[in-house]
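J.: Dropping in data_24.txt, which is compact mmCIF, C-alpha atoms:
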# COMPACT_ATOMS: atom_id res chain seq x y z
CA MET H 221 137.84 11.77 96.10
CA PHE H 222 138.19 9.36 98.99
CA ARG H 223 137.30 12.10 101.41
CA TYR H 224 134.18 12.79 99.38
CA ILE H 225 133.09 9.16 99.62
CA LEU H 226 133.56 9.28 103.36
CA ASN H 227 131.22 12.24 103.54
CA ARG H 228 129.26 12.30 106.79
CA TYR H 229 125.93 11.93 105.04
CA VAL H 230 127.00 9.07 102.80
CA LEU H 231 128.42 7.19 105.77
CA GLY H 232 125.31 7.88 107.81
CA PHE H 233 123.14 6.68 104.96
CA LEU H 234 125.13 3.48 104.52
CA CYS H 235 124.90 2.79 108.26
CA LEU H 236 121.15 3.31 108.06
CA VAL H 237 120.78 0.92 105.13
CA VAL H 238 122.83 -1.78 106.85
CA LEU H 239 120.92 -1.32 110.09
CA ALA H 240 117.58 -1.53 108.29
CA LEU H 241 118.61 -4.64 106.35
CA ILE H 242 119.69 -6.36 109.58
CA LEU H 243 116.38 -5.44 111.23
CA ILE H 244 114.39 -6.62 108.21
CA THR H 245 116.25 -9.92 108.18
CA TYR H 246 115.57 -10.61 111.83
CA THR H 247 111.95 -9.51 111.96
CA GLY H 248 110.47 -11.67 109.20
CA GLN H 249 107.44 -13.91 109.43
CA ASP H 250 109.30 -16.65 111.21
CA ARG H 251 109.90 -14.83 114.47
CA THR H 252 108.00 -16.32 117.37
CA SER H 253 106.51 -13.16 118.82
CA LEU H 254 106.26 -9.43 118.41
CA SER H 255 108.57 -7.05 120.23
CA PRO H 256 107.03 -5.37 123.31
CA VAL H 257 106.99 -1.99 121.54
CA GLU H 258 104.96 -3.37 118.62
CA LYS H 259 102.55 -5.07 121.04
CA VAL H 260 101.90 -1.85 122.91
CA VAL H 261 101.44 0.24 119.74
CA ARG H 262 99.07 -2.30 118.22
CA ASP H 263 97.02 -2.69 121.39
CA VAL H 264 96.61 1.06 121.63
CA VAL H 265 95.68 1.65 117.99
CA THR H 266 93.46 -1.39 117.36
CA PRO H 267 90.47 -0.10 119.42
CA VAL H 268 90.63 3.21 117.51
CA GLU H 269 90.67 1.37 114.19
CA HIS H 270 87.80 -0.78 115.42
CA GLY H 271 85.76 2.35 116.09
CA VAL H 272 86.53 3.94 112.72
CA THR H 273 85.82 0.70 110.84
CA GLY H 274 82.53 0.37 112.71
CA ILE H 275 81.48 3.85 111.66
CA VAL H 276 82.54 3.29 108.03
CA ASN H 277 80.70 -0.02 107.83
CA GLY H 278 77.64 1.51 109.48
CA ILE H 279 77.50 4.31 106.93
CA SER H 280 78.03 2.04 103.94
CA ASP H 281 75.40 -0.41 105.25
CA THR H 282 72.82 2.36 105.71
CA VAL H 283 73.49 3.93 102.34
CA GLY H 284 73.57 0.53 100.69
CA SER H 285 70.28 -0.64 102.22
CA VAL H 286 68.39 2.42 100.97
CA PHE H 287 69.30 1.59 97.42
CA ALA H 288 68.79 -2.14 97.90
CA ILE H 289 65.12 -2.14 99.01
CA GLY H 290 63.80 -2.60 95.48
CA SER H 291 65.81 -5.68 94.76
CA ILE H 292 65.34 -7.24 98.19
CA LYS H 293 61.80 -8.41 97.44
CA ASN H 294 62.86 -10.34 94.37
CA GLU H 295 65.88 -11.68 96.12
CA ASN H 296 63.73 -12.85 99.00
CA LYS H 297 61.54 -14.86 96.65
CA GLU H 298 64.54 -16.40 94.96
CA LEU H 299 66.11 -17.23 98.30
CA ARG H 300 62.94 -18.98 99.51
CA GLU H 301 62.99 -21.18 96.45
CA ARG H 302 66.65 -21.85 96.96
CA VAL H 303 66.14 -22.75 100.63
CA SER H 304 63.57 -25.37 99.76
CA SER H 305 65.74 -26.92 97.09
CA LEU H 306 68.75 -26.88 99.41
CA GLU H 307 66.69 -28.48 102.18
CA ALA H 308 65.85 -31.32 99.88
CA GLU H 309 69.48 -31.66 98.90
CA ASN H 310 70.53 -31.50 102.53
CA ASN H 311 68.26 -34.41 103.41
CA LEU H 312 69.79 -36.45 100.65
CA LEU H 313 73.32 -35.53 101.77
CA ARG H 314 72.49 -36.48 105.35
CA GLU H 315 71.51 -39.88 104.09
CA TYR H 316 74.87 -40.13 102.36
CA GLU H 317 76.63 -38.99 105.49
CA TYR H 318 75.09 -41.77 107.57
CA GLN H 319 75.91 -44.25 104.86
CA ASN H 320 79.45 -42.90 104.78
CA LEU H 321 79.75 -43.26 108.57
CA ARG H 322 78.55 -46.86 108.45
CA LEU H 323 80.99 -47.70 105.68
CA ARG H 324 83.83 -45.95 107.50
CA GLU H 325 83.15 -48.03 110.57
CA LEU H 326 83.23 -51.14 108.45
CA LEU H 327 86.60 -50.09 107.04
CA GLN H 328 87.86 -48.80 110.40
CA PHE H 329 88.83 -45.61 108.60
CA LYS H 330 90.33 -42.85 110.73
CA ASP H 331 88.52 -39.55 110.54
CA THR H 332 90.95 -36.95 109.23
CA ILE H 333 88.45 -34.16 108.83
CA ALA H 334 87.65 -32.46 112.09
CA ARG H 335 83.94 -31.76 112.31
CA ASP H 336 83.59 -29.21 115.04
CA TYR H 337 86.37 -26.70 115.13
CA ASN H 338 86.89 -24.67 118.25
CA THR H 339 86.55 -21.21 116.78
CA VAL H 340 86.41 -17.63 117.94
CA SER H 341 84.80 -14.91 115.86
CA ALA H 342 86.61 -11.65 115.22
CA SER H 343 85.98 -8.33 113.49
CA VAL H 344 88.32 -7.08 110.83
CA VAL H 345 89.43 -3.68 112.10
CA ALA H 346 92.11 -2.68 109.62
CA ARG H 347 93.95 -3.64 106.50
CA ASN H 348 97.62 -3.22 105.76
CA PRO H 349 98.00 0.23 104.20
CA SER H 350 100.89 -0.90 102.02
CA ASN H 351 100.31 -2.17 98.51
CA TRP H 352 102.95 -4.83 99.09
CA PHE H 353 101.37 -6.78 101.91
CA ARG H 354 97.95 -8.37 102.05
CA THR H 355 97.27 -8.58 105.76
CA ILE H 356 94.37 -7.66 108.00
CA THR H 357 94.21 -6.78 111.67
CA ILE H 358 91.51 -8.43 113.79
CA ASN H 359 90.29 -7.44 117.24
CA ARG H 360 91.14 -10.71 119.00
CA GLY H 361 94.49 -11.58 120.47
CA GLU H 362 96.30 -13.66 123.04
CA SER H 363 93.68 -12.88 125.67
CA ASP H 364 91.05 -14.64 123.52
CA GLY H 365 93.23 -17.68 122.95
CA VAL H 366 94.38 -16.65 119.50
CA GLY H 367 97.91 -17.78 118.67
CA LYS H 368 100.39 -17.69 115.85
CA ASN H 369 99.69 -19.90 112.82
CA MET H 370 96.00 -20.46 113.55
CA ALA H 371 93.87 -20.71 110.42
CA VAL H 372 91.33 -17.95 109.69
CA VAL H 373 88.16 -18.62 107.69
CA THR H 374 84.82 -17.12 106.74
CA SER H 375 81.65 -19.05 106.06
CA LYS H 376 82.68 -19.12 102.41
CA GLY H 377 86.20 -20.37 102.67
CA LEU H 378 89.79 -20.06 103.81
CA VAL H 379 91.07 -16.54 104.44
CA GLY H 380 94.57 -16.87 105.88
CA ARG H 381 96.59 -17.55 108.98
CA VAL H 382 97.63 -15.57 112.06
CA ILE H 383 101.23 -14.34 111.84
CA ASN H 384 101.45 -11.91 114.78
CA VAL H 385 99.54 -11.60 118.02
CA SER H 386 99.46 -8.97 120.70
CA ALA H 387 97.19 -9.03 123.76
CA ASN H 388 94.06 -7.80 122.00
CA SER H 389 94.83 -7.87 118.30
CA ALA H 390 96.25 -10.20 115.71
CA GLU H 391 97.56 -9.82 112.21
CA VAL H 392 96.35 -12.26 109.58
CA LEU H 393 98.34 -13.04 106.44
CA LEU H 394 95.76 -13.46 103.69
CA ILE H 395 96.16 -16.34 101.26
CA ILE H 396 96.27 -13.80 98.40
CA ASP H 397 99.58 -12.39 99.74
CA SER H 398 102.48 -13.40 97.53
CA SER H 399 104.37 -14.86 100.48
CA SER H 400 101.51 -17.16 101.50
CA ALA H 401 101.48 -20.84 100.53
CA VAL H 402 98.80 -23.41 101.39
CA GLY H 403 98.97 -27.15 100.76
CA SER H 404 95.88 -27.94 98.72
CA LEU H 405 93.94 -30.54 96.72
CA ILE H 406 91.52 -30.54 93.84
CA GLN H 407 88.45 -31.73 95.74
CA ILE H 408 87.04 -34.16 93.20
CA ASN H 409 90.15 -36.05 92.09
CA ARG H 410 92.58 -35.29 94.96
CA VAL H 411 95.32 -33.84 92.74
CA PRO H 412 97.74 -32.14 95.17
CA GLY H 413 99.33 -28.73 94.70
CA VAL H 414 100.26 -25.56 96.52
CA ILE H 415 98.08 -22.45 96.57
CA GLU H 416 100.02 -19.20 96.34
CA GLY H 417 99.05 -15.54 96.21
CA THR H 418 100.00 -13.41 93.24
CA ALA H 419 102.07 -10.23 93.37
CA ASP H 420 99.62 -8.22 91.27
CA ASP H 421 96.27 -6.88 92.39
CA SER H 422 94.01 -9.34 90.59
CA GLY H 423 93.03 -10.98 93.90
CA MET H 424 93.43 -14.37 92.24
CA LEU H 425 95.38 -17.36 93.52
CA LYS H 426 97.78 -19.69 91.76
CA MET H 427 97.83 -23.45 92.35
CA ILE H 428 101.36 -24.52 91.48
CA HIS H 429 103.32 -27.78 91.33
CA LEU H 430 100.68 -29.54 89.24
CA SER H 431 102.14 -32.26 87.01
CA LYS H 432 101.67 -31.78 83.28
CA GLU H 433 99.24 -34.70 83.01
CA ALA H 434 97.19 -33.88 86.12
CA PRO H 435 93.45 -34.03 85.34
CA VAL H 436 92.73 -30.46 86.44
CA LYS H 437 89.85 -28.68 84.74
CA THR H 438 88.13 -25.35 85.16
CA LYS H 439 85.27 -25.06 87.68
CA GLN H 440 86.79 -27.70 89.93
CA THR H 441 86.88 -26.85 93.63
CA VAL H 442 90.17 -26.52 95.52
CA VAL H 443 90.32 -27.40 99.24
CA SER H 444 93.14 -27.37 101.77
CA SER H 445 95.04 -30.64 102.08
CA GLY H 446 96.04 -30.35 105.73
CA LEU H 447 99.65 -31.13 104.88
CA GLY H 448 102.05 -29.06 106.94
CA GLY H 449 99.77 -28.96 109.95
CA ILE H 450 98.83 -25.27 109.88
CA PHE H 451 95.60 -25.38 107.94
CA PRO H 452 93.03 -28.07 108.78
CA LYS H 453 92.14 -30.45 105.98
CA GLY H 454 89.15 -29.83 103.74
CA LEU H 455 88.64 -26.08 104.06
CA PRO H 456 87.25 -24.71 100.77
CA ILE H 457 89.62 -22.30 99.03
CA GLY H 458 88.30 -21.49 95.55
CA THR H 459 87.42 -22.59 92.03
CA VAL H 460 89.80 -23.24 89.15
CA THR H 461 89.30 -20.65 86.40
CA GLY H 462 92.20 -21.43 84.07
CA ILE H 463 95.15 -23.75 83.54
CA GLU H 464 98.47 -22.79 82.00
CA LEU H 465 101.78 -24.50 81.35
CA GLU H 466 104.71 -23.15 83.37
CA SER H 467 107.47 -21.57 81.24
CA ASN H 468 109.77 -24.56 81.78
CA GLY H 469 107.17 -26.78 80.09
CA LEU H 470 107.35 -29.50 82.76
CA VAL H 471 104.64 -28.50 85.20
CA LYS H 472 101.50 -26.47 84.96
CA TYR H 473 99.66 -24.13 87.26
CA ALA H 474 96.00 -23.27 87.69
CA THR H 475 94.51 -19.85 88.34
CA VAL H 476 92.05 -20.10 91.22
CA ARG H 477 89.32 -17.62 92.16
CA PRO H 478 89.03 -17.61 95.97
CA PHE H 479 85.60 -18.23 97.56
CA ALA H 480 86.15 -15.63 100.26
CA ASP H 481 85.63 -12.05 99.13
CA PHE H 482 88.81 -10.34 100.27
CA ASN H 483 87.51 -6.85 99.55
CA GLU H 484 84.52 -7.26 101.84
CA LEU H 485 85.97 -9.01 104.87
CA GLU H 486 84.16 -7.86 108.01
CA GLU H 487 83.78 -10.86 110.27
CA VAL H 488 86.09 -13.85 110.32
CA LEU H 489 86.49 -17.00 112.40
CA VAL H 490 89.80 -18.04 113.91
CA ILE H 491 90.17 -21.81 114.24
CA ARG H 492 91.78 -22.32 117.62
CA ASN H 493 92.54 -26.02 117.52
CA VAL H 494 94.19 -27.56 114.53
CA PRO H 495 93.32 -31.25 114.39
CA ALA H 496 96.20 -33.66 114.09
CA VAL H 497 96.65 -35.05 110.59
CA ASP H 498 97.83 -38.56 109.96
CA GLU H 499 99.88 -37.95 106.87
CA THR H 500 103.50 -36.95 107.24
CA ALA H 501 104.18 -33.41 106.16
CA PRO H 502 106.35 -32.95 103.08
CA ASP H 503 109.54 -31.01 103.56
CA ASP H 504 108.73 -28.08 101.31
CA ARG H 505 107.09 -24.72 101.64
CA GLY H 506 103.67 -26.31 101.29
CA GLY H 507 103.48 -26.20 105.03
CA ALA H 508 103.41 -22.47 105.25
CA MET Y 243 108.99 19.68 120.11
CA LEU Y 244 105.35 20.48 119.55
CA ARG Y 245 106.02 20.15 115.83
CA TYR Y 246 107.24 16.55 116.16
CA LEU Y 247 104.32 15.66 118.36
CA LEU Y 248 102.00 17.05 115.71
CA ILE Y 249 103.79 15.05 113.02
CA ILE Y 250 103.40 11.84 115.01
CA VAL Y 251 99.69 12.54 115.50
CA LEU Y 252 99.26 13.36 111.80
CA PHE Y 253 101.06 10.19 110.74
CA LEU Y 254 99.02 8.06 113.14
CA LEU Y 255 95.84 9.66 111.83
CA GLY Y 256 96.99 9.01 108.28
CA LEU Y 257 97.77 5.37 109.02
CA ILE Y 258 94.41 4.81 110.71
CA LEU Y 259 92.55 6.42 107.79
CA GLN Y 260 94.61 4.46 105.32
CA SER Y 261 93.95 1.11 106.96
CA THR Y 262 90.23 1.68 107.49
CA ILE Y 263 88.46 4.10 105.16
CA PHE Y 264 90.92 4.05 102.28
CA SER Y 265 90.99 0.26 102.21
CA HIS Y 266 87.37 0.58 101.03
CA LEU Y 267 88.36 3.22 98.48
CA THR Y 268 90.90 1.28 96.48
CA VAL Y 269 91.29 2.36 92.87
CA ALA Y 270 92.64 -0.24 90.43
CA GLY Y 271 93.40 -2.36 93.50
CA VAL Y 272 95.80 0.10 95.13
CA LYS Y 273 95.61 2.17 98.29
CA PRO Y 274 97.05 5.66 98.66
CA ASP Y 275 100.02 6.25 100.91
CA LEU Y 276 99.17 9.25 103.08
CA VAL Y 277 102.30 8.86 105.19
CA LEU Y 278 104.50 9.07 102.11
CA ILE Y 279 102.61 12.11 100.83
CA MET Y 280 103.02 13.92 104.15
CA THR Y 281 106.69 12.96 104.40
CA VAL Y 282 107.46 14.33 100.95
CA PHE Y 283 105.55 17.58 101.57
CA TYR Y 284 107.32 18.05 104.84
CA ALA Y 285 110.67 17.42 103.16
CA LEU Y 286 109.88 19.83 100.31
CA LEU Y 287 109.11 22.59 102.78
CA HIS Y 288 111.81 21.95 105.37
CA GLY Y 289 114.75 20.30 103.62
CA SER Y 290 116.59 16.98 103.65
CA ARG Y 291 117.46 16.62 107.30
CA GLU Y 292 113.93 17.28 108.54
CA GLY Y 293 112.52 15.25 105.66
CA ALA Y 294 114.58 12.21 106.52
CA LEU Y 295 113.56 12.54 110.17
CA ALA Y 296 109.88 12.77 109.26
CA GLY Y 297 110.31 9.75 106.98
CA ALA Y 298 111.89 7.83 109.83
CA ILE Y 299 109.03 8.68 112.21
CA GLY Y 300 106.29 7.84 109.69
CA GLY Y 301 107.95 4.70 108.38
CA LEU Y 302 108.70 3.40 111.85
CA LEU Y 303 105.10 3.96 112.97
CA GLN Y 304 103.84 2.08 109.92
CA ASP Y 305 106.28 -0.76 110.56
CA LEU Y 306 105.34 -0.99 114.23
CA LEU Y 307 101.65 -1.08 113.38
CA PHE Y 308 101.53 -3.24 110.28
CA GLY Y 309 105.02 -4.38 109.45
CA GLN Y 310 106.08 -7.93 109.19
CA TYR Y 311 109.58 -6.67 108.56
CA LEU Y 312 110.59 -3.86 110.92
CA GLY Y 313 112.59 -1.28 109.02
CA MET Y 314 111.24 -1.85 105.54
CA ASN Y 315 108.94 1.18 105.35
CA THR Y 316 111.30 3.17 107.56
CA LEU Y 317 114.16 2.83 105.09
CA ALA Y 318 111.99 3.53 102.05
CA LYS Y 319 110.52 6.67 103.63
CA VAL Y 320 113.80 8.00 104.99
CA ILE Y 321 115.20 7.81 101.48
CA ALA Y 322 112.14 9.55 100.02
CA GLY Y 323 112.31 12.28 102.69
CA TYR Y 324 116.01 12.86 102.14
CA VAL Y 325 115.97 12.84 98.34
CA PHE Y 326 112.98 15.14 97.96
CA GLY Y 327 114.21 17.41 100.72
CA MET Y 328 117.09 18.29 98.42
CA LEU Y 329 114.57 20.04 96.18
CA GLU Y 330 113.57 22.40 99.00
CA LYS Y 331 115.34 25.47 97.65
CA LYS Y 332 115.02 24.59 93.98
CA ILE Y 333 111.29 24.52 93.36
CA TYR Y 334 108.50 27.01 93.20
CA LYS Y 335 106.15 25.92 95.98
CA GLU Y 336 103.02 27.88 95.19
CA ASN Y 337 102.13 26.03 92.01
CA LEU Y 338 100.06 22.94 92.76
CA LEU Y 339 101.21 21.02 89.69
CA ILE Y 340 104.78 20.82 90.95
CA PRO Y 341 104.01 18.92 94.18
CA MET Y 342 101.67 16.67 92.18
CA ALA Y 343 104.46 15.75 89.77
CA ILE Y 344 106.88 15.31 92.66
CA ILE Y 345 104.48 12.98 94.48
CA PHE Y 346 104.15 10.92 91.29
CA VAL Y 347 107.93 10.47 91.04
CA ALA Y 348 108.28 9.99 94.81
CA THR Y 349 105.71 7.19 94.82
CA LEU Y 350 107.47 5.39 91.97
CA MET Y 351 110.78 5.68 93.81
CA HIS Y 352 109.32 4.64 97.16
CA GLU Y 353 107.59 1.60 95.67
CA THR Y 354 110.76 0.65 93.80
CA VAL Y 355 112.73 0.68 97.05
CA LEU Y 356 110.02 -1.45 98.68
CA TYR Y 357 110.12 -3.78 95.69
CA MET Y 358 113.87 -4.22 96.06
CA LEU Y 359 113.53 -4.86 99.79
CA ARG Y 360 110.82 -7.45 99.18
CA GLN Y 361 112.97 -9.01 96.49
CA TYR Y 362 115.69 -9.26 99.13
CA GLN Y 363 113.11 -11.10 101.29
CA GLY Y 364 112.28 -13.55 98.50
CA LEU Y 365 109.40 -12.08 96.51
CA SER Y 366 109.36 -13.50 93.01
CA ALA Y 367 107.74 -11.03 90.65
CA GLY Y 368 109.10 -9.16 87.66
CA TYR Y 369 109.78 -5.46 88.11
CA PHE Y 370 107.90 -4.35 85.03
CA SER Y 371 104.77 -6.37 85.76
CA THR Y 372 104.52 -4.85 89.24
CA LEU Y 373 105.34 -1.44 87.78
CA ARG Y 374 102.37 -1.82 85.48
CA SER Y 375 99.95 -3.37 87.95
CA VAL Y 376 100.83 -1.60 91.21
CA MET Y 377 103.31 1.24 91.10
CA ILE Y 378 101.88 3.46 88.37
CA SER Y 379 98.33 3.27 89.69
CA ALA Y 380 99.60 4.03 93.19
CA ALA Y 381 101.56 7.01 91.87
CA ILE Y 382 98.51 8.39 90.04
CA TYR Y 383 96.27 7.88 93.06
CA ASN Y 384 98.74 9.62 95.36
CA SER Y 385 99.19 12.61 93.06
CA CYS Y 386 95.42 12.94 92.73
CA LEU Y 387 95.18 13.27 96.52
CA THR Y 388 97.82 16.00 96.55
CA PRO Y 389 95.46 18.98 95.97
CA PHE Y 390 93.43 18.03 99.05
CA ILE Y 391 96.42 17.91 101.37
CA TYR Y 392 99.08 20.25 100.01
CA GLY Y 393 97.33 23.57 100.66
CA LYS Y 394 96.75 22.90 104.34
CA PHE Y 395 100.23 21.54 104.76
CA TYR Y 396 101.78 24.54 103.03
CA LYS Y 397 99.86 27.02 105.13
CA SER Y 398 100.71 25.25 108.37
CA SER Y 399 104.38 25.01 107.45
CA THR Y 400 104.74 28.69 106.63
CA LYS Y 401 102.44 30.23 109.23
CA GLY Y 402 101.05 27.55 111.52
CA LEU Y 403 102.16 24.81 113.85
CA LEU Y 404 104.48 22.99 111.46
CA ARG Y 405 106.66 26.11 111.01
CA LEU Y 406 110.33 25.40 111.44
CA THR Y 407 111.50 28.52 113.28
CA GLU Y 408 109.99 27.80 116.68
CA ARG Y 409 112.52 25.53 118.28
Please express what this file holds, its structure, as structure tokens.

T.:
Amino acid sequence: MFRYILNRYVLGFLCLVVLALILITYTGQDRTSLSPVEKVVRDVVTPVEHGVTGIVNGISDTVGSVFAIGSIKNENKELRERVSSLEAENNLLREYEYQNLRLRELLQFKDTIARDYNTVSASVVARNPSNWFRTITINRGESDGVGKNMAVVTSKGLVGRVINVSANSAEVLLIIDSSSAVGSLIQINRVPGVIEGTADDSGMLKMIHLSKEAPVKTKQTVVSSGLGGIFPKGLPIGTVTGIELESNGLVKYATVRPFADFNELEEVLVIRNVPAVDETAPDDRGGA
Amino acid sequence: MLRYLLIIVLFLLGLILQSTIFSHLTVAGVKPDLVLIMTVFYALLHGSREGALAGAIGGLLQDLLFGQYLGMNTLAKVIAGYVFGMLEKKIYKENLLIPMAIIFVATLMHETVLYMLRQYQGLSAGYFSTLRSVMISAAIYNSCLTPFIYGKFYKSSTKGLLRLTER
């Protein structure tokens, strides 16, 4: 019996499992940089992926535009109307902005929202093929000034943060990944919480750590709070679509629909400088 | 030697397709796993030892390219290659339904191993909810791709470049 347990294959298998577990433990998200082997492999494959993605996008754009011609005319008309109404609104908002600036000066209020981020644009060249990780690969890396933990956005909202960089590529952990956490606020009433991804494929987010009495309602906008220092303050994240009580009955969580369309990511912006935030960061996972 | 080179190229091709084209072709939110499919086919046709080796090559490539945790996919695919290689002499390989059923089971097993490894890394999600939302759809998707890949693989393994005898 004992001899059977010490079978060559069983022993080999156990060694393999232990070795893999050790590797997995030491190569998590918290490591400072990729191993040289990974860097080389990624730098070689990324240009190929870039090419294939370019072709795929080109084909889908061409096919899509043929079918879209009919609706474009109507859409154009609607957009013109929308532009004029937005221009009017913009004028009004600019007035408010100047008023806000004057009042801030009166109060000597420190500006915590950076206005002009130093960004670099990048193409999404690949997505993680596994169903367990929501990450994308972009075609910018260390040579373009991209570094670990930089925030990644689209014009619509927050997308994620850089977790790995090689010379010419970087891997971005999307905020819909279940291991992502972003310190966040309800924009209108500044209720704080943490935005997490969900493990299923709904593409929705969860805003957790909301107190039971917090005045959170559907259709409210969620923005990043800047706590933790990774994500700049005030980046739009999504809209609240539902609120539910956590099973322990003490806190509640909100389901949030992200603004960014994670199925159609093609171009993203990497924010290279993260502005300093005045508040002290809390000592929880909200910083991640 | 040529055979292993070919496997590496096939796996790389599979990974590139999977991360580019197939990420646009998600069904019920899941992507197929071409590397797993190829590993299991290879194991079915060549046995446990070769299957485990192919799993190690494919898994390691995937980890190097996309992994946050080196070794996670490697371990899951080595296990799949080894386990399904044991069926080499026991199944009738000409019938297409058999590899389809095997891929279904293999995907469920592979995803369960990945689930356990992610649990070990601190994922908090119930097994049965992920089984419902991810694993079963992935298993169905993978077995639906089987007819397109198995024939070519089978032919190459018995007559072509992937044949075992030329060492």

J.: Residues of chain Y near chain H: apply a cut-off of 6 Å, count all atoms listed in the file, and supply the list as a list in words.

T.: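 Filtering chain Y at 6 Å from chain H with all atoms listed in the file gives Gln260, Ser261, Thr262, Gly271, Leu306, Leu307, Phe308, Gln310, Tyr311, Leu312, Gly313 and Ser375 of chain Y.
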
J.: Those residues you just picked out, can you put them in a file as a tab-separated table (two decimals), in the frame of the given file with C-alpha atoms?

T.:
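Below is the file again.tsv, written as the result:
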chain	number	residue	atom	x	y	z
Y	260	GLN	CA	94.61	4.46	105.32
Y	261	SER	CA	93.95	1.11	106.96
Y	262	THR	CA	90.23	1.68	107.49
Y	271	GLY	CA	93.40	-2.36	93.50
Y	306	LEU	CA	105.34	-0.99	114.23
Y	307	LEU	CA	101.65	-1.08	113.38
Y	308	PHE	CA	101.53	-3.24	110.28
Y	310	GLN	CA	106.08	-7.93	109.19
Y	311	TYR	CA	109.58	-6.67	108.56
Y	312	LEU	CA	110.59	-3.86	110.92
Y	313	GLY	CA	112.59	-1.28	109.02
Y	375	SER	CA	99.95	-3.37	87.95

J.: What is the distance, in Å and to one decimal place, between CA of Ser431 in chain H and CA of Arg360 in chain Y?

T.: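 Between CA of Ser431 in chain H and CA of Arg360 in chain Y the gap works out to 29.0 Å.
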
J.: CA of Ile250 in chain Y to CA of Gly300 in chain Y: how many Å, to one decimal?

T.: 7.3 Å

J.: Can you measure CA of Gly448 in chain H to CA of Val402 in chain H for me? One decimal in Å is fine.

T.: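 Here the two named atoms are 8.6 Å from each other.
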
J.: With distances taken over only C-alpha atoms, which residue among Y:Ile263, Y:Leu387, Y:Leu359, Y:Ala322 lies nearest Leu338 in chain Y?

T.: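 The shortest atom-to-atom distance to Leu338 in chain Y comes from Y:Leu387.
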
J.: For Val325 in chain Y, list every protein, DNA or RNA residue within 9 Å, evaluated using only C-alpha atoms, and leave out those in the same chain fewer than 6 positions away; present the list as a PyMOL selection string.

T.: chain Y and resi 285+290+293-294+348

J.: Fewer than 6 positions away in the same chain doesn't count, so skip those; otherwise give me all residues within 10 Å of Asp481 in chain H, counting only C-alpha atoms, as JSON, numbers by chain.

T.: {"H": [374, 376, 377, 379, 423]}

J.: Find the residues around Leu373 in chain Y up to 10 Å (all atoms listed in the file counted), leave out those fewer than 5 positions away in its own chain, and share them as a list of chain:residue names.

T.: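 The neighbour list is H:Asp420, Y:Leu350, Y:Glu353, Y:Thr354, Y:Tyr357, Y:Gly368, Y:Ile378, Y:Ser379, Y:Ala380.
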